[in-house]
Amino acid sequence: MHFVNRYKQKLLLIISVCFLIPFASKSQTDIDAIMMAKNNFCVGGMYGQSSWKNYWEGTFKRNNQNIGTVSTKMVSLMGNYGISNRLNVIVGAPYVWTHATAGTLHGIKGIQDLSLWLKWMPVEQKLGSGIFSVYTIGGFSTPLTNYIADYLPLSIGLHSTTFSGRLMADYQVDNWFATASGTYTYRNDITTDRTSYYTTEQVISNKIDMPDVFSYNFRAGYRSDRFIAEAVFDKMITLGGFDIRKNDMPFPSNKMIAEMLGVNGKYNFPWVAGLSLTGGASYTLHGRNVGQATMFNIGVFYILDFSKKAKSSSKTSKTN
Amino acid sequence: MKKKLLFFATILIIIITITSSCKKSVTGRTDNAPALNPANEDVNAGSWKTVLLKRPDTFAVAAPAATNSTGYVAELNEIKGYQKNLSSEDLSAIKYWSAGGVLRWNEMMRELVEKYNLAPYQNADGTYPIPSSANPFAYPLFPFANPPYAARAFAYISAAQYDALVACWYYKNLYNRPRPYQVDSLIQANVPKTTLASYPSEEAVLAGVTAEMMKLLFPDEIANIQQKLEEQELATIESGSATRSDINAGEALGRQVAQAFTARARTDKAGASVGTPAIWQNFVTTTEARNETPWYSLETPARPPMLPLFGNVTPFLFDSATVVALRPGPPPSTSSSDMKQEVQAAYDQIKNPTREQIRIVQYWADGIGTYTPPGHWNAIAAEDFILQNYSEVRWARNFALLNMALMDAGIVCWNTKYYYFNPRPTQINANIKTLTGIPNFPSYVSGHSSFSEAASTILGYLLPSNASKYEAMSQEAAKSRFISGIHTQNDCNVGLQVGKSVGNYAVARAQADGAD
């Protein structure tokens, strides 16, 4: 258990990848090897934005002067509660707005999806000169409003209810760590406002089968009580889907691939216990039917300690 | 321990939720359309008024062999051979085609329009390549199945199918050959039995006429269409409702009728509708000479206007002089306060769109990569026709009326668009963002409104109990273009009037074609 305490205040949130469509609300505490301690509640807000000018139409990389640069911006509320030192529940919900700098297409704004993650650490043990830990994470997300999905690239989300399972392993020696994870995401079908559409054939229905998604994630860097700095590689692939045809519009059930490289950082302020600043940036190296997005985000978080220890000690600056 | 239990309980709940709400297999609304089993076989359809054929027997169909001839007996044995070993694929093909050839070929046509409705990607120098029927497999593939192209393609296919089936019905009555299952009790009917004569096969007539028309309209698809033709013909034989000679005579008749329509299509001026750079420039010059702001392309790089001479194409329901007569008067001058108000109204409408507004726009958008507004009205009609228990020939007749109305509405609409060459609201006020792609042709009058009201008018005549539904849909389609920022209200209102006038010509034809 003492290992957990070491990580007690370490919380890092970045927004995830934004594609032609943003999967914008994915807080990444669900994908790092850090647990909130029992009865601690970390709450915070983030601003993130993703923008791209070039995109891949199938494998063909191009730009489009009729949309210019497409940006997706979001503000998100997030929380992470330590049910125990080994079991955390994480929630998040963003407000998203989109914009294209050229052409005539109207941007969209609105509340997107609720995400809920249960993160469990069944294994934490000494291994060699470091600490080895294993995590299993279950995720659920569902749209909070009836926003339009079939309006790519300017819709604010894909409006699919999803279920995710993730296995993650972490190894830390002194302050240096490396984390690897793989995630399978089941995506429910969605509804379009049209009565028929074309994929590689005509579908006479307003229902769209969404391909599931597999992703993996590697991260490595330095973490201490004061700060965290890490590099991240992430790859996602839809298991199925079809390519955007030349000069066609994108579609929610496209085949999507994205490889991203990024950096994240977190700083814990020494003068206010529990207050931290996070930030991150990433770049899409390669993709298919997605925009070559550059992303950055910044967030402020604060940990409320509801454990007995916290109640006995009267901390003053807990209003955030 | 308690926590572990809690965790596993949660995982279990998630798994149960997944398995109970698993929705991964989308089925089409017409996948399980029932087999045709018409209450009225329309046995006298051989006397219905054709579109292009002078007479139902313009193309001769030789008398069939007698049902006791050795050749015919061999054909019955062929059916028995197939029926002994029907695979599940065979049975699903029989079921698929039993819903009606007109329905299934119409669905395929819509699919082809979706597949080919893509505007060409620009050249490196900012010009655009133009699809060429002389080299259809090179990029950009021929055709670019945009709304006018699609309207014309639907009309030719449907009118040709109709004439071919009228001829088919004529010969059925003339020769009165029984169905295989009526001649030989060992042959099963895998589709509902009919009293309609067998020769020539209506399924093969439809396959032949459609496949032959495709050579002109979607030349890249000839091989795929040929496969569909063979699938339909085989399914018909396996169903026990036609023999090989019924099929052969039907396909040959269908192809001959198609050639008459192909000949018309080659001289209907559609081939010249793309225009030339000099013609495109002339629209600008003449509009400026009238002291009006000319339309320009809002695409980057600027794209040549879509089929500017489509308004000169020879219509089906009236002559070219009538096109000019049906062309409405001018829109408000681009410099007038009326126009300023119209554009301001468009801006006010689009500033803060509601979800319901977005839904209506997307429902009717029918833009790039879709089957276009004419295809949408075909889909609407098809799903209602399924409920009517029509004979094949009545299916064809009603689609011919619908699609001739849609094509002719397109002609009058395009004629109007390029006569006035009126700018889009967004061109006048760049703050007007749109909820769907902005079409690359002049604004006045609205194409959606023209197409929709023409369709609604003829469908309302054909299915009077649905008339108010179609009218409401047409009104909503027109409105969708105003609330998407694509059109002024006036563009839509006058478009509806154009559609109504054209639709009335289709109604007049329907009243006089002998089918009602």
# chains A, B, ... in the order shown; residues from 1 in each chain; ligands from 1
>>> residues_around(residues="Phe318 of chain B", least_positions_apart="4", cutoff="12 Å", atoms="only C-alpha atoms", output="short mmCIF file (atom, residue, chain, number, x, y, z; two decimals) with all heavy atoms, in the first residue's frame")
data_model
loop_
_atom_site.label_atom_id
_atom_site.label_comp_id
_atom_site.auth_asym_id
_atom_site.auth_seq_id
_atom_site.Cartn_x
_atom_site.Cartn_y
_atom_site.Cartn_z
N VAL B 51 -44.40 5.42 -74.01
CA VAL B 51 -43.71 6.71 -74.00
C VAL B 51 -43.07 6.99 -75.36
O VAL B 51 -43.28 8.04 -75.96
CB VAL B 51 -42.63 6.75 -72.89
CG1 VAL B 51 -41.80 8.04 -72.97
CG2 VAL B 51 -43.29 6.62 -71.52
N VAL B 313 -32.14 20.30 -72.52
CA VAL B 313 -32.38 18.88 -72.81
C VAL B 313 -33.85 18.67 -73.18
O VAL B 313 -34.74 19.33 -72.63
CB VAL B 313 -31.98 18.01 -71.59
CG1 VAL B 313 -32.46 16.57 -71.75
CG2 VAL B 313 -30.47 18.06 -71.39
N THR B 314 -34.08 17.78 -74.12
CA THR B 314 -35.45 17.50 -74.58
C THR B 314 -36.23 16.79 -73.48
O THR B 314 -35.86 15.70 -73.06
CB THR B 314 -35.42 16.61 -75.83
OG1 THR B 314 -34.46 17.15 -76.74
CG2 THR B 314 -36.79 16.53 -76.47
N THR B 322 -42.29 24.57 -74.35
CA THR B 322 -43.00 24.60 -73.06
C THR B 322 -42.04 24.85 -71.90
O THR B 322 -42.41 25.47 -70.90
CB THR B 322 -43.78 23.28 -72.87
OG1 THR B 322 -44.57 23.06 -74.04
CG2 THR B 322 -44.66 23.32 -71.64
N VAL B 323 -40.80 24.36 -72.04
CA VAL B 323 -39.81 24.62 -70.99
C VAL B 323 -39.67 26.13 -70.80
O VAL B 323 -39.69 26.64 -69.66
CB VAL B 323 -38.43 24.01 -71.36
CG1 VAL B 323 -37.36 24.43 -70.35
CG2 VAL B 323 -38.52 22.49 -71.45
N VAL B 324 -39.55 26.85 -71.91
CA VAL B 324 -39.40 28.30 -71.84
C VAL B 324 -40.67 28.93 -71.25
O VAL B 324 -40.61 29.83 -70.41
CB VAL B 324 -39.09 28.88 -73.24
CG1 VAL B 324 -39.05 30.40 -73.19
CG2 VAL B 324 -37.76 28.32 -73.75
N ALA B 325 -41.82 28.40 -71.66
CA ALA B 325 -43.09 28.94 -71.16
C ALA B 325 -43.24 28.70 -69.66
O ALA B 325 -43.85 29.51 -68.95
CB ALA B 325 -44.25 28.30 -71.92
N LEU B 326 -42.69 27.59 -69.17
CA LEU B 326 -42.82 27.28 -67.74
C LEU B 326 -41.79 27.99 -66.88
O LEU B 326 -41.89 27.99 -65.66
CB LEU B 326 -42.67 25.76 -67.52
CG LEU B 326 -43.83 24.88 -68.02
CD1 LEU B 326 -43.50 23.41 -67.81
CD2 LEU B 326 -45.13 25.24 -67.31
N MET B 404 -40.14 10.78 -65.11
CA MET B 404 -40.26 11.77 -66.19
C MET B 404 -40.57 13.14 -65.59
O MET B 404 -40.05 14.17 -66.03
CB MET B 404 -41.31 11.34 -67.21
CG MET B 404 -40.86 10.13 -68.03
SD MET B 404 -41.93 9.76 -69.44
CE MET B 404 -43.45 9.25 -68.64
N ALA B 405 -41.41 13.14 -64.55
CA ALA B 405 -41.72 14.41 -63.88
C ALA B 405 -40.46 15.00 -63.23
O ALA B 405 -40.20 16.21 -63.33
CB ALA B 405 -42.81 14.20 -62.82
N MET B 407 -37.29 14.45 -64.07
CA MET B 407 -36.34 14.92 -65.08
C MET B 407 -36.80 16.24 -65.68
O MET B 407 -36.01 17.19 -65.81
CB MET B 407 -36.19 13.86 -66.18
CG MET B 407 -35.43 14.38 -67.40
SD MET B 407 -35.09 13.05 -68.58
CE MET B 407 -34.82 13.99 -70.08
N ASP B 408 -38.07 16.32 -66.02
CA ASP B 408 -38.56 17.54 -66.66
C ASP B 408 -38.56 18.72 -65.69
O ASP B 408 -38.30 19.86 -66.08
CB ASP B 408 -39.95 17.30 -67.25
CG ASP B 408 -39.88 16.35 -68.46
OD1 ASP B 408 -38.75 15.89 -68.77
OD2 ASP B 408 -40.92 16.07 -69.07
N ALA B 409 -38.81 18.43 -64.41
CA ALA B 409 -38.69 19.50 -63.41
C ALA B 409 -37.25 19.97 -63.34
O ALA B 409 -36.98 21.18 -63.23
CB ALA B 409 -39.15 18.99 -62.04
N ILE B 411 -35.14 19.93 -65.80
CA ILE B 411 -34.86 20.72 -67.01
C ILE B 411 -35.37 22.16 -66.84
O ILE B 411 -34.64 23.12 -67.10
CB ILE B 411 -35.51 20.04 -68.24
CG1 ILE B 411 -34.78 18.72 -68.54
CG2 ILE B 411 -35.47 20.97 -69.45
CD1 ILE B 411 -35.48 17.84 -69.57
N VAL B 412 -36.62 22.31 -66.41
CA VAL B 412 -37.16 23.66 -66.25
C VAL B 412 -36.40 24.42 -65.17
O VAL B 412 -36.07 25.60 -65.33
CB VAL B 412 -38.67 23.61 -65.93
CG1 VAL B 412 -39.21 25.04 -65.73
CG2 VAL B 412 -39.44 22.90 -67.03
N SER B 501 -46.16 22.82 -61.68
CA SER B 501 -46.55 22.88 -63.11
C SER B 501 -46.09 21.62 -63.84
O SER B 501 -46.85 21.04 -64.62
CB SER B 501 -45.91 24.07 -63.80
OG SER B 501 -45.94 25.19 -63.00
N VAL B 502 -44.86 21.21 -63.59
CA VAL B 502 -44.34 20.03 -64.28
C VAL B 502 -45.08 18.78 -63.81
O VAL B 502 -45.48 17.93 -64.62
CB VAL B 502 -42.82 19.89 -64.05
CG1 VAL B 502 -42.31 18.59 -64.64
CG2 VAL B 502 -42.07 21.08 -64.65
N GLY B 503 -45.30 18.69 -62.50
CA GLY B 503 -46.02 17.54 -61.96
C GLY B 503 -47.39 17.38 -62.59
O GLY B 503 -47.85 16.25 -62.85
N ASN B 504 -48.04 18.51 -62.87
CA ASN B 504 -49.37 18.45 -63.47
C ASN B 504 -49.35 17.84 -64.87
O ASN B 504 -50.32 17.21 -65.29
CB ASN B 504 -50.00 19.84 -63.49
CG ASN B 504 -50.51 20.24 -62.11
OD1 ASN B 504 -50.81 19.38 -61.28
ND2 ASN B 504 -50.59 21.54 -61.87
N TYR B 505 -48.24 18.04 -65.60
CA TYR B 505 -48.12 17.38 -66.91
C TYR B 505 -48.06 15.86 -66.74
O TYR B 505 -48.63 15.11 -67.54
CB TYR B 505 -46.87 17.87 -67.64
CG TYR B 505 -47.07 19.18 -68.38
CD1 TYR B 505 -46.88 20.39 -67.74
CD2 TYR B 505 -47.47 19.17 -69.72
CE1 TYR B 505 -47.09 21.59 -68.40
CE2 TYR B 505 -47.67 20.36 -70.39
CZ TYR B 505 -47.48 21.58 -69.74
OH TYR B 505 -47.68 22.75 -70.40
N ALA B 506 -47.37 15.42 -65.69
CA ALA B 506 -47.31 13.97 -65.44
C ALA B 506 -48.68 13.44 -65.06
O ALA B 506 -49.08 12.34 -65.49
CB ALA B 506 -46.29 13.69 -64.34
N ALA B 508 -51.54 14.68 -66.04
CA ALA B 508 -52.34 14.65 -67.27
C ALA B 508 -52.01 13.41 -68.09
O ALA B 508 -52.89 12.75 -68.64
CB ALA B 508 -52.08 15.92 -68.09
N ARG B 509 -50.74 13.07 -68.14
CA ARG B 509 -50.35 11.87 -68.87
C ARG B 509 -50.94 10.63 -68.21
O ARG B 509 -51.45 9.72 -68.88
CB ARG B 509 -48.82 11.75 -68.93
CG ARG B 509 -48.37 10.67 -69.88
CD ARG B 509 -46.96 10.21 -69.80
NE ARG B 509 -46.95 8.80 -70.10
CZ ARG B 509 -46.93 8.30 -71.34
NH1 ARG B 509 -46.83 9.11 -72.39
NH2 ARG B 509 -47.00 6.99 -71.55
#
>>> interface_residues(of="chain A", to="chain B", cutoff="7 Å", atoms="only C-alpha atoms", output="PDB file with C-alpha atoms, in the first residue's frame")
ATOM      1  CA  GLN A  65      -9.477  24.740 -49.467  1.00  0.00           C
ATOM      2  CA  ASN A  66     -13.213  24.389 -48.969  1.00  0.00           C
ATOM      3  CA  THR A 104     -19.278  27.719 -46.056  1.00  0.00           C
ATOM      4  CA  LEU A 105     -19.875  24.802 -43.674  1.00  0.00           C
ATOM      5  CA  HIS A 106     -21.441  25.760 -40.362  1.00  0.00           C
ATOM      6  CA  ASN A 188     -22.853   0.461 -30.652  1.00  0.00           C
ATOM      7  CA  ASP A 189     -24.512   1.327 -33.942  1.00  0.00           C
ATOM      8  CA  ASP A 193     -30.840  11.737 -39.942  1.00  0.00           C
ATOM      9  CA  ARG A 194     -30.818  10.297 -43.462  1.00  0.00           C
ATOM     10  CA  TYR A 197     -26.466   6.075 -47.310  1.00  0.00           C
ATOM     11  CA  TYR A 198     -23.590   4.580 -49.265  1.00  0.00           C
ATOM     12  CA  GLU A 201     -22.738  -0.350 -51.135  1.00  0.00           C
ATOM     13  CA  GLN A 202     -26.124   1.191 -50.552  1.00  0.00           C
ATOM     14  CA  VAL A 203     -27.629   0.777 -47.096  1.00  0.00           C
ATOM     15  CA  ILE A 204     -31.366   1.428 -46.991  1.00  0.00           C
ATOM     16  CA  SER A 205     -31.526   2.221 -43.297  1.00  0.00           C
ATOM     17  CA  LYS A 207     -28.781   2.795 -38.717  1.00  0.00           C
ATOM     18  CA  ILE A 208     -25.007   2.749 -39.106  1.00  0.00           C
ATOM     19  CA  ASP A 209     -22.898  -0.205 -37.986  1.00  0.00           C
ATOM     20  CA  ASN A 247     -13.602  14.005 -52.986  1.00  0.00           C
ATOM     21  CA  ASP A 248     -16.351  12.375 -50.924  1.00  0.00           C
TER      22      ASP A 248
END
>>> residues_around(residues="Ala242 of chain B", least_positions_apart="5", cutoff="10 Å", atoms="only C-alpha atoms", output="ChimeraX atom specification")
/B:75-76,79,178-181,189,197-204,233-237,247
>>> select_by_dssp(residues="segment 402-505 of chain B", states="alpha helix (DSSP H)", output="PyMOL selection string")
chain B and resi 402-420+425-428+447-462+467-482+489-505
>>> decode(residues="segment 208-229 of chain A", atoms="N, CA, C and O atoms", output="PDB file, in the first residue's frame")
ATOM      1  N   ILE A 208     -26.378   2.916 -38.608  1.00  0.00           N
ATOM      2  CA  ILE A 208     -25.007   2.749 -39.106  1.00  0.00           C
ATOM      3  C   ILE A 208     -24.263   1.797 -38.174  1.00  0.00           C
ATOM      4  O   ILE A 208     -24.146   2.063 -36.974  1.00  0.00           O
ATOM      5  N   ASP A 209     -23.771   0.705 -38.732  1.00  0.00           N
ATOM      6  CA  ASP A 209     -22.898  -0.205 -37.986  1.00  0.00           C
ATOM      7  C   ASP A 209     -21.557   0.465 -37.768  1.00  0.00           C
ATOM      8  O   ASP A 209     -20.910   0.874 -38.734  1.00  0.00           O
ATOM      9  N   MET A 210     -21.127   0.570 -36.546  1.00  0.00           N
ATOM     10  CA  MET A 210     -19.828   1.191 -36.265  1.00  0.00           C
ATOM     11  C   MET A 210     -18.789   0.103 -36.043  1.00  0.00           C
ATOM     12  O   MET A 210     -18.992  -0.797 -35.226  1.00  0.00           O
ATOM     13  N   PRO A 211     -17.662   0.182 -36.759  1.00  0.00           N
ATOM     14  CA  PRO A 211     -16.612  -0.808 -36.488  1.00  0.00           C
ATOM     15  C   PRO A 211     -16.044  -0.584 -35.086  1.00  0.00           C
ATOM     16  O   PRO A 211     -15.964   0.550 -34.616  1.00  0.00           O
ATOM     17  N   ASP A 212     -15.646  -1.667 -34.431  1.00  0.00           N
ATOM     18  CA  ASP A 212     -15.008  -1.546 -33.124  1.00  0.00           C
ATOM     19  C   ASP A 212     -13.596  -0.977 -33.304  1.00  0.00           C
ATOM     20  O   ASP A 212     -13.106  -0.858 -34.418  1.00  0.00           O
ATOM     21  N   VAL A 213     -13.003  -0.638 -32.198  1.00  0.00           N
ATOM     22  CA  VAL A 213     -11.695   0.027 -32.253  1.00  0.00           C
ATOM     23  C   VAL A 213     -10.702  -0.719 -31.372  1.00  0.00           C
ATOM     24  O   VAL A 213     -11.042  -1.142 -30.259  1.00  0.00           O
ATOM     25  N   PHE A 214      -9.496  -0.906 -31.889  1.00  0.00           N
ATOM     26  CA  PHE A 214      -8.405  -1.386 -31.045  1.00  0.00           C
ATOM     27  C   PHE A 214      -7.348  -0.297 -30.973  1.00  0.00           C
ATOM     28  O   PHE A 214      -7.042   0.335 -31.982  1.00  0.00           O
ATOM     29  N   SER A 215      -6.820  -0.089 -29.795  1.00  0.00           N
ATOM     30  CA  SER A 215      -5.750   0.908 -29.695  1.00  0.00           C
ATOM     31  C   SER A 215      -4.696   0.411 -28.729  1.00  0.00           C
ATOM     32  O   SER A 215      -4.982  -0.382 -27.822  1.00  0.00           O
ATOM     33  N   TYR A 216      -3.470   0.847 -28.954  1.00  0.00           N
ATOM     34  CA  TYR A 216      -2.435   0.603 -27.954  1.00  0.00           C
ATOM     35  C   TYR A 216      -1.652   1.874 -27.691  1.00  0.00           C
ATOM     36  O   TYR A 216      -1.654   2.803 -28.506  1.00  0.00           O
ATOM     37  N   ASN A 217      -1.009   1.888 -26.538  1.00  0.00           N
ATOM     38  CA  ASN A 217      -0.450   3.124 -26.022  1.00  0.00           C
ATOM     39  C   ASN A 217       0.822   2.806 -25.239  1.00  0.00           C
ATOM     40  O   ASN A 217       0.828   1.907 -24.406  1.00  0.00           O
ATOM     41  N   PHE A 218       1.888   3.512 -25.581  1.00  0.00           N
ATOM     42  CA  PHE A 218       3.143   3.393 -24.822  1.00  0.00           C
ATOM     43  C   PHE A 218       3.490   4.765 -24.268  1.00  0.00           C
ATOM     44  O   PHE A 218       3.393   5.760 -24.984  1.00  0.00           O
ATOM     45  N   ARG A 219       3.930   4.780 -23.033  1.00  0.00           N
ATOM     46  CA  ARG A 219       4.341   6.048 -22.461  1.00  0.00           C
ATOM     47  C   ARG A 219       5.535   5.793 -21.545  1.00  0.00           C
ATOM     48  O   ARG A 219       5.604   4.757 -20.887  1.00  0.00           O
ATOM     49  N   ALA A 220       6.438   6.728 -21.490  1.00  0.00           N
ATOM     50  CA  ALA A 220       7.620   6.557 -20.658  1.00  0.00           C
ATOM     51  C   ALA A 220       8.120   7.934 -20.256  1.00  0.00           C
ATOM     52  O   ALA A 220       7.957   8.899 -21.000  1.00  0.00           O
ATOM     53  N   GLY A 221       8.725   7.982 -19.077  1.00  0.00           N
ATOM     54  CA  GLY A 221       9.239   9.275 -18.644  1.00  0.00           C
ATOM     55  C   GLY A 221       9.640   9.259 -17.178  1.00  0.00           C
ATOM     56  O   GLY A 221      10.007   8.207 -16.627  1.00  0.00           O
ATOM     57  N   TYR A 222       9.515  10.405 -16.587  1.00  0.00           N
ATOM     58  CA  TYR A 222       9.981  10.627 -15.227  1.00  0.00           C
ATOM     59  C   TYR A 222       8.797  11.077 -14.385  1.00  0.00           C
ATOM     60  O   TYR A 222       8.010  11.923 -14.794  1.00  0.00           O
ATOM     61  N   ARG A 223       8.655  10.496 -13.190  1.00  0.00           N
ATOM     62  CA  ARG A 223       7.619  11.018 -12.308  1.00  0.00           C
ATOM     63  C   ARG A 223       8.121  11.090 -10.871  1.00  0.00           C
ATOM     64  O   ARG A 223       8.747  10.166 -10.366  1.00  0.00           O
ATOM     65  N   SER A 224       7.803  12.233 -10.293  1.00  0.00           N
ATOM     66  CA  SER A 224       8.182  12.444  -8.887  1.00  0.00           C
ATOM     67  C   SER A 224       6.993  13.104  -8.204  1.00  0.00           C
ATOM     68  O   SER A 224       5.967  13.358  -8.837  1.00  0.00           O
ATOM     69  N   ASP A 225       7.106  13.381  -6.940  1.00  0.00           N
ATOM     70  CA  ASP A 225       6.011  14.055  -6.244  1.00  0.00           C
ATOM     71  C   ASP A 225       5.776  15.450  -6.793  1.00  0.00           C
ATOM     72  O   ASP A 225       4.681  15.990  -6.705  1.00  0.00           O
ATOM     73  N   ARG A 226       6.830  16.042  -7.339  1.00  0.00           N
ATOM     74  CA  ARG A 226       6.707  17.414  -7.795  1.00  0.00           C
ATOM     75  C   ARG A 226       6.194  17.510  -9.227  1.00  0.00           C
ATOM     76  O   ARG A 226       5.330  18.321  -9.547  1.00  0.00           O
ATOM     77  N   PHE A 227       6.728  16.654 -10.092  1.00  0.00           N
ATOM     78  CA  PHE A 227       6.289  16.782 -11.487  1.00  0.00           C
ATOM     79  C   PHE A 227       6.387  15.461 -12.247  1.00  0.00           C
ATOM     80  O   PHE A 227       7.040  14.512 -11.786  1.00  0.00           O
ATOM     81  N   ILE A 228       5.718  15.452 -13.365  1.00  0.00           N
ATOM     82  CA  ILE A 228       5.752  14.305 -14.272  1.00  0.00           C
ATOM     83  C   ILE A 228       6.078  14.840 -15.659  1.00  0.00           C
ATOM     84  O   ILE A 228       5.551  15.878 -16.064  1.00  0.00           O
ATOM     85  N   ALA A 229       6.947  14.129 -16.349  1.00  0.00           N
ATOM     86  CA  ALA A 229       7.189  14.458 -17.759  1.00  0.00           C
ATOM     87  C   ALA A 229       7.257  13.144 -18.507  1.00  0.00           C
ATOM     88  O   ALA A 229       7.937  12.209 -18.081  1.00  0.00           O
TER      89      ALA A 229
END
